[in-house]
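Participant: The structure under discussion is supplied below as C-alpha cells; questions concerning it will follow.
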There are 2 protein chains.
Amino acid sequence: MADVNPVLLDEQLCFSIYSASKKFNHFYQSALAPFGLTYPQYIAMLVLWEKAPLTVHQLGERLELDSGTLTPLLKRLEKQGWVSRVRSQTDERQVLIHLTEMATTKRDEVYSRIGQCQTLLGMSTEEIDSMMSELVTVKEQLDTVSHKRLIAKEVDKTN
Amino acid sequence: MADVNPVLLDEQLCFSIYSASKKFNHFYQSALAPFGLTYPQYIAMLVLWEKAPLTVHQLGERLELDSGTLTPLLKRLEKQGWVSRVRSQTDERQVLIHLTEMATTKRDEVYSRIGQCQTLLGMSTEEIDSMMSELVTVKEQLDTVSHKRLIAKEVDKTN
DNA sequence: GGCAATTTAATTGTATACAATACTCTGGAA
DNA sequence: TTCCAGAGTATTGTATACAATTAAATTGCC
C-alpha cells in the first residue's frame, strides 16, 4: 500500500460534476419559482410537453428515474394542477400521465422563461454541444465500468 | 408568446450533468461498497484526509454543503467509526471533526480502490482537466446569474 | 461591563433518489 | 381454466439536499 497517490477533492471530475449539478438545480429552482416547479418536476414536465400522455415507466426511462421517485413527484405535480394520473383502461397495471389544460396553457411561458435564463449563461450552441458530447463519453464509460463490475461479481460467485 | 422555441430534454446541458452526476454517484457507491461509504460520505472523508480536524463549517465550505446536510451525515460517519465529533474547547459553538484511527488506517486502501476504478474510466489527465475547466466556467456563470437575479430582486424591493 | 448583532450547529419540514419489497394485473403454459 | 412468471406501480426505509428556524456562544460596540 506504499504506492498509493493521495486523492485530492479538487482534482476529482466527479466533484466538479456533482457541484455543477447542484448549481444547475438551484439555478432552475429560482428561475422556475414563479411556477412553483422544482428542477426534477421541470424535467418531467419537459418530457410530458414533448409527448404526453406517457406511462410512469416510459417517463422513468427518459428521466432515468424509477417509480420510487416518480410516484411521489407526480402526485405533487397532480396536486399542483400540472398533470392528471389515470389508470389505463386497457392495462390496469399502467398509470397514464396526462397534461392538464393549465400545463398546456403555461408551456410557452415556461419555455420562454427558461430561454431567457439560458441566454444569461452566455454559452454558444457549439460550446454546449461539445460539453454534452464529452459528458456522453463519460457516462458511457461509467455504464461500461458498472457493467464490467457486474460481470466480475458474477464470475466471483462461480468461484 | 408565438416566438417561443420548444425546450427539448435531450438538448439540455443541465440534464446531461444531472444524469452524469447520478451515474458517478452510483459508480462510487458500488466502488466503495466494501467500506460502506456513500458518495457524499466519501467526499467528506477526502477533505478530512487532506486536513482534519475541521469544523463543520470549514468542511461545509469545501463541500458546498450546510449543517443541515452535514450534521446527520457526520453522525452516520461517527456511528460507523470513521470520525469523532468534538465540541471545541476554545469556541463552544464549533464542533471539530477528527479522524479515527480506523479512518487513518483505511485511507490508503480507499485511495487505492478509487485509483483502480478511475483507471477503468480510461480518461487521460488532459481530458479530465479540460472538462473540469469547462465545468468551472459553467459554474461561474451559474453563480453570476444567481447573483444578478439576487440584485434584481433587491432592486424590485426598492420600487 | 452589558447587550445587540453575528456566528455556528442543530433541528424541522419538504423534496429528491434509490434499493428492496409488496401488490395487482396480464399473458401464456400446462 | 388455472396457475404462475413477469410487468408496472406503489410503498417502505435510508440517505441526501436545502430553506428556514432555533439555540447557544462569541464578538463588537457603546
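Just so we're on the same page: first chain in the C-alpha cells is A, next is B, and so on; residues restart at 1 for each chain, and ligands are numbered from 1 in the order they show up.
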Considering only C-alpha atoms (C1' of nucleotides), return as a ChimeraX atom specification whatever protein or nucleic-acid residues lie within 6 Å of His98 of chain A, sequence-local ones (same chain, fewer than 4 positions apart) excluded.

Facilitator: /A:52-53,83-84

Participant: Please, could you write that set of residues out with N, CA and C atoms as a short mmCIF file (atom, residue, chain, number, x, y, z; two decimals), in the first residue's frame?

Facilitator:
```
data_model
loop_
_atom_site.label_atom_id
_atom_site.label_comp_id
_atom_site.auth_asym_id
_atom_site.auth_seq_id
_atom_site.Cartn_x
_atom_site.Cartn_y
_atom_site.Cartn_z
N ALA A 52 -46.73 13.75 -23.98
CA ALA A 52 -47.78 13.21 -23.11
C ALA A 52 -48.93 12.72 -23.99
N PRO A 53 -49.70 11.72 -23.54
CA PRO A 53 -49.56 11.02 -22.26
C PRO A 53 -48.49 9.93 -22.32
N VAL A 83 -50.60 17.89 -13.92
CA VAL A 83 -50.88 16.62 -14.60
C VAL A 83 -52.06 15.91 -13.95
N SER A 84 -52.58 14.91 -14.68
CA SER A 84 -53.55 14.01 -14.06
C SER A 84 -53.02 12.59 -14.23
#
```

Participant: When DSSP is applied to the backbone of this structure, which of segment 29-149 of chain A are assigned strand (DSSP E or B)? Write them out as a list in words.

Facilitator: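 Taking segment 29-149 of chain A and keeping strand (DSSP E or B) gives Leu54, Thr55, Val83, Ser84, Arg85, Val86, Arg87, Val95, Leu96, Ile97, His98 and Leu99 of chain A.
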
Participant: Using only C-alpha atoms (C1' of nucleotides) for the distances, tell me which of A:Val136, A:Val7, A:Leu73, A:Ala31 is nearest to chain C.

Facilitator: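 Going through A:Val136, A:Val7, A:Leu73, A:Ala31 one by one, the smallest distance to chain C is for A:Leu73.
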
Participant: At a cut-off of 10 Å, can you tabulate as a tab-separated table every residue of chain C near chain A together with its closest atom pair and the distance in Å to one decimal, using only C-alpha atoms (C1' of nucleotides) and ordering rows by chain then number?

Facilitator:
```
residue	atom	partner	partner_atom	distance
C:DA15	C1'	A:Leu73	CA	8.2
C:DT16	C1'	A:Thr69	CA	7.1
C:DA17	C1'	A:Thr69	CA	6.4
C:DC18	C1'	A:Gly68	CA	7.2
C:DA19	C1'	A:Gly68	CA	9.5
C:DT24	C1'	A:Arg93	CA	6.9
C:DC25	C1'	A:Arg93	CA	5.4
C:DT26	C1'	A:Asp91	CA	7.6
```

Participant: For chain D, which residues have at least one atom within 12 Å of chain A, if we go by only C-alpha atoms (C1' of nucleotides)? Write them as a list in words, please.

Facilitator: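 So the residues of chain D near chain A are DA7, DG8, DT9, DA10, DT11, DT12, DG13, DT16, DA17, DC18 and DA19 of chain D.
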
Participant: Export N, CA and C atoms (P, O5', C5', C4', C3', O3' and C1' of nucleotides) of the chosen residues as a PDB file, in the first residue's frame?

Facilitator:
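Generated file (selection08.pdb):
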```pdb
ATOM      1  P    DA D   7     -40.460  -8.833 -17.357  1.00  0.00           P
ATOM      2  O5'  DA D   7     -41.777  -7.952 -17.227  1.00  0.00           O
ATOM      3  C5'  DA D   7     -42.802  -8.086 -18.192  1.00  0.00           C
ATOM      4  C4'  DA D   7     -43.882  -7.048 -17.921  1.00  0.00           C
ATOM      5  C3'  DA D   7     -43.340  -5.649 -17.676  1.00  0.00           C
ATOM      6  O3'  DA D   7     -44.213  -4.711 -18.296  1.00  0.00           O
ATOM      7  C1'  DA D   7     -44.548  -6.374 -15.775  1.00  0.00           C
ATOM      8  P    DG D   8     -43.818  -3.156 -18.335  1.00  0.00           P
ATOM      9  O5'  DG D   8     -44.676  -2.602 -17.124  1.00  0.00           O
ATOM     10  C5'  DG D   8     -46.079  -2.512 -17.244  1.00  0.00           C
ATOM     11  C4'  DG D   8     -46.649  -1.824 -16.035  1.00  0.00           C
ATOM     12  C3'  DG D   8     -45.932  -0.516 -15.658  1.00  0.00           C
ATOM     13  O3'  DG D   8     -46.913   0.488 -15.453  1.00  0.00           O
ATOM     14  C1'  DG D   8     -45.995  -1.973 -13.793  1.00  0.00           C
ATOM     15  P    DT D   9     -46.454   2.014 -15.165  1.00  0.00           P
ATOM     16  O5'  DT D   9     -46.742   2.101 -13.598  1.00  0.00           O
ATOM     17  C5'  DT D   9     -48.059   1.817 -13.144  1.00  0.00           C
ATOM     18  C4'  DT D   9     -48.087   1.670 -11.644  1.00  0.00           C
ATOM     19  C3'  DT D   9     -47.589   2.882 -10.850  1.00  0.00           C
ATOM     20  O3'  DT D   9     -48.706   3.416 -10.158  1.00  0.00           O
ATOM     21  C1'  DT D   9     -46.806   0.821  -9.923  1.00  0.00           C
ATOM     22  P    DA D  10     -48.495   4.670  -9.155  1.00  0.00           P
ATOM     23  O5'  DA D  10     -48.288   3.941  -7.758  1.00  0.00           O
ATOM     24  C5'  DA D  10     -49.262   3.000  -7.330  1.00  0.00           C
ATOM     25  C4'  DA D  10     -48.899   2.467  -5.954  1.00  0.00           C
ATOM     26  C3'  DA D  10     -48.488   3.538  -4.935  1.00  0.00           C
ATOM     27  O3'  DA D  10     -49.156   3.238  -3.716  1.00  0.00           O
ATOM     28  C1'  DA D  10     -46.783   1.901  -5.091  1.00  0.00           C
ATOM     29  P    DT D  11     -48.967   4.181  -2.453  1.00  0.00           P
ATOM     30  O5'  DT D  11     -47.920   3.368  -1.555  1.00  0.00           O
ATOM     31  C5'  DT D  11     -48.162   1.997  -1.295  1.00  0.00           C
ATOM     32  C4'  DT D  11     -47.060   1.426  -0.433  1.00  0.00           C
ATOM     33  C3'  DT D  11     -46.570   2.341   0.702  1.00  0.00           C
ATOM     34  O3'  DT D  11     -46.497   1.548   1.880  1.00  0.00           O
ATOM     35  C1'  DT D  11     -44.731   1.627  -0.579  1.00  0.00           C
ATOM     36  P    DT D  12     -46.208   2.248   3.298  1.00  0.00           P
ATOM     37  O5'  DT D  12     -44.699   1.807   3.585  1.00  0.00           O
ATOM     38  C5'  DT D  12     -44.334   0.462   3.374  1.00  0.00           C
ATOM     39  C4'  DT D  12     -42.872   0.263   3.729  1.00  0.00           C
ATOM     40  C3'  DT D  12     -42.346   1.179   4.840  1.00  0.00           C
ATOM     41  O3'  DT D  12     -41.524   0.406   5.696  1.00  0.00           O
ATOM     42  C1'  DT D  12     -41.019   1.428   2.887  1.00  0.00           C
ATOM     43  P    DG D  13     -40.954   1.014   7.059  1.00  0.00           P
ATOM     44  O5'  DG D  13     -39.417   1.228   6.717  1.00  0.00           O
ATOM     45  C5'  DG D  13     -38.669   0.154   6.164  1.00  0.00           C
ATOM     46  C4'  DG D  13     -37.276   0.634   5.813  1.00  0.00           C
ATOM     47  C3'  DG D  13     -36.709   1.657   6.810  1.00  0.00           C
ATOM     48  O3'  DG D  13     -35.338   1.343   7.021  1.00  0.00           O
ATOM     49  C1'  DG D  13     -36.688   2.572   4.644  1.00  0.00           C
ATOM     50  P    DT D  16     -25.407  10.151   3.358  1.00  0.00           P
ATOM     51  O5'  DT D  16     -25.841  11.646   3.312  1.00  0.00           O
ATOM     52  C5'  DT D  16     -26.955  12.187   2.815  1.00  0.00           C
ATOM     53  C4'  DT D  16     -26.976  12.290   1.291  1.00  0.00           C
ATOM     54  C3'  DT D  16     -26.684  13.656   0.746  1.00  0.00           C
ATOM     55  O3'  DT D  16     -26.471  13.557  -0.666  1.00  0.00           O
ATOM     56  C1'  DT D  16     -29.003  13.255   0.738  1.00  0.00           C
ATOM     57  P    DA D  17     -25.914  14.811  -1.559  1.00  0.00           P
ATOM     58  O5'  DA D  17     -27.135  15.824  -1.550  1.00  0.00           O
ATOM     59  C5'  DA D  17     -26.947  17.081  -1.014  1.00  0.00           C
ATOM     60  C4'  DA D  17     -28.131  17.945  -1.399  1.00  0.00           C
ATOM     61  C3'  DA D  17     -27.961  19.359  -0.868  1.00  0.00           C
ATOM     62  O3'  DA D  17     -28.219  20.237  -1.949  1.00  0.00           O
ATOM     63  C1'  DA D  17     -30.024  18.424  -0.101  1.00  0.00           C
ATOM     64  P    DC D  18     -27.608  21.735  -1.848  1.00  0.00           P
ATOM     65  O5'  DC D  18     -28.793  22.523  -1.143  1.00  0.00           O
ATOM     66  C5'  DC D  18     -30.047  22.578  -1.792  1.00  0.00           C
ATOM     67  C4'  DC D  18     -31.048  23.161  -0.824  1.00  0.00           C
ATOM     68  C3'  DC D  18     -30.468  24.302   0.044  1.00  0.00           C
ATOM     69  O3'  DC D  18     -31.441  25.308   0.121  1.00  0.00           O
ATOM     70  C1'  DC D  18     -31.502  22.749   1.391  1.00  0.00           C
ATOM     71  P    DA D  19     -30.950  26.824  -0.014  1.00  0.00           P
ATOM     72  O5'  DA D  19     -32.276  27.590   0.431  1.00  0.00           O
ATOM     73  C5'  DA D  19     -33.527  27.189  -0.135  1.00  0.00           C
ATOM     74  C4'  DA D  19     -34.610  27.311   0.917  1.00  0.00           C
ATOM     75  C3'  DA D  19     -34.491  28.552   1.789  1.00  0.00           C
ATOM     76  O3'  DA D  19     -35.792  29.107   1.970  1.00  0.00           O
ATOM     77  C1'  DA D  19     -34.508  26.616   3.159  1.00  0.00           C
TER      78       DA D  19
END
```

Participant: Write out as a tab-separated table the residues of chain A that have any atom within 8 Å of an atom of chain B, one row each with the nearest atom pair and its distance in Å to one decimal, counting only C-alpha atoms, sorted by chain and then rising number.

Facilitator:
```
residue	atom	partner	partner_atom	distance
A:Met1	CA	B:Asp108	CA	6.4
A:Val4	CA	B:Ser112	CA	5.8
A:Asn5	CA	B:Tyr111	CA	7.0
A:Pro6	CA	B:Tyr111	CA	6.6
A:Val7	CA	B:Tyr111	CA	6.1
A:Leu8	CA	B:Leu46	CA	6.8
A:Leu9	CA	B:Leu46	CA	6.3
A:Leu13	CA	B:Met132	CA	6.2
A:Cys14	CA	B:Phe24	CA	6.2
A:Phe15	CA	B:Ile43	CA	8.0
A:Ser16	CA	B:Met132	CA	6.3
A:Ile17	CA	B:Ser21	CA	5.7
A:Tyr18	CA	B:Ser21	CA	5.2
A:Ser19	CA	B:Glu64	CA	7.7
A:Ala20	CA	B:Lys139	CA	5.8
A:Ser21	CA	B:Tyr18	CA	5.2
A:Lys23	CA	B:Leu142	CA	6.7
A:Phe24	CA	B:Cys14	CA	6.2
A:Phe27	CA	B:Ser146	CA	6.5
A:Ile43	CA	B:Leu9	CA	6.9
A:Leu46	CA	B:Leu9	CA	6.3
A:Val47	CA	B:Leu9	CA	6.6
A:Glu50	CA	B:Leu8	CA	7.4
A:Glu64	CA	B:Ser19	CA	7.7
A:Asp108	CA	B:Val4	CA	6.2
A:Glu109	CA	B:Met1	CA	7.1
A:Tyr111	CA	B:Val7	CA	6.1
A:Ser112	CA	B:Val4	CA	5.8
A:Leu120	CA	B:Val145	CA	6.6
A:Leu121	CA	B:Gln141	CA	5.6
A:Gly122	CA	B:Gln141	CA	7.7
A:Ile128	CA	B:Leu13	CA	6.5
A:Met131	CA	B:Met131	CA	7.7
A:Met132	CA	B:Leu13	CA	6.2
A:Glu134	CA	B:Met131	CA	7.8
A:Leu135	CA	B:Ser16	CA	6.6
A:Val136	CA	B:Ser16	CA	7.5
A:Val138	CA	B:Ala20	CA	7.5
A:Lys139	CA	B:Ala20	CA	5.8
A:Gln141	CA	B:Leu121	CA	5.6
A:Leu142	CA	B:Lys23	CA	6.6
A:Asp143	CA	B:Lys23	CA	7.6
A:Val145	CA	B:Leu120	CA	6.5
A:Ser146	CA	B:Phe27	CA	6.5
```

Participant: Any idea what's packed within 12 Å of DT2 of chain D, counting only C-alpha atoms (C1' of nucleotides), ignoring anything in its chain fewer than 4 positions away? Could you give it as a list in words?

Facilitator: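 Here the qualifying residues turn out to be DG28, DA29 and DA30 of chain C.
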
Participant: Filtering to N, CA and C atoms (P, O5', C5', C4', C3', O3' and C1' of nucleotides), could you give me those residues as a PDB file, in the first residue's frame?

Facilitator:
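After the write, result_21.pdb holds the following:
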```
ATOM      1  P    DG C  28     -49.411 -13.737 -24.803  1.00  0.00           P
ATOM      2  O5'  DG C  28     -48.885 -15.135 -24.257  1.00  0.00           O
ATOM      3  C5'  DG C  28     -47.558 -15.234 -23.757  1.00  0.00           C
ATOM      4  C4'  DG C  28     -47.433 -16.427 -22.841  1.00  0.00           C
ATOM      5  C3'  DG C  28     -47.763 -17.766 -23.525  1.00  0.00           C
ATOM      6  O3'  DG C  28     -46.809 -18.723 -23.096  1.00  0.00           O
ATOM      7  C1'  DG C  28     -49.059 -17.520 -21.584  1.00  0.00           C
ATOM      8  P    DA C  29     -46.504 -19.940 -24.114  1.00  0.00           P
ATOM      9  O5'  DA C  29     -46.295 -21.156 -23.103  1.00  0.00           O
ATOM     10  C5'  DA C  29     -45.530 -20.939 -21.907  1.00  0.00           C
ATOM     11  C4'  DA C  29     -45.972 -21.934 -20.846  1.00  0.00           C
ATOM     12  C3'  DA C  29     -46.236 -23.345 -21.389  1.00  0.00           C
ATOM     13  O3'  DA C  29     -45.756 -24.293 -20.445  1.00  0.00           O
ATOM     14  C1'  DA C  29     -48.202 -22.512 -20.360  1.00  0.00           C
ATOM     15  P    DA C  30     -45.587 -25.801 -20.896  1.00  0.00           P
ATOM     16  O5'  DA C  30     -46.629 -26.515 -19.936  1.00  0.00           O
ATOM     17  C5'  DA C  30     -46.470 -26.357 -18.518  1.00  0.00           C
ATOM     18  C4'  DA C  30     -47.711 -26.870 -17.819  1.00  0.00           C
ATOM     19  C3'  DA C  30     -48.123 -28.280 -18.251  1.00  0.00           C
ATOM     20  O3'  DA C  30     -48.525 -29.033 -17.109  1.00  0.00           O
ATOM     21  C1'  DA C  30     -49.923 -26.782 -18.591  1.00  0.00           C
TER      22       DA C  30
END
```
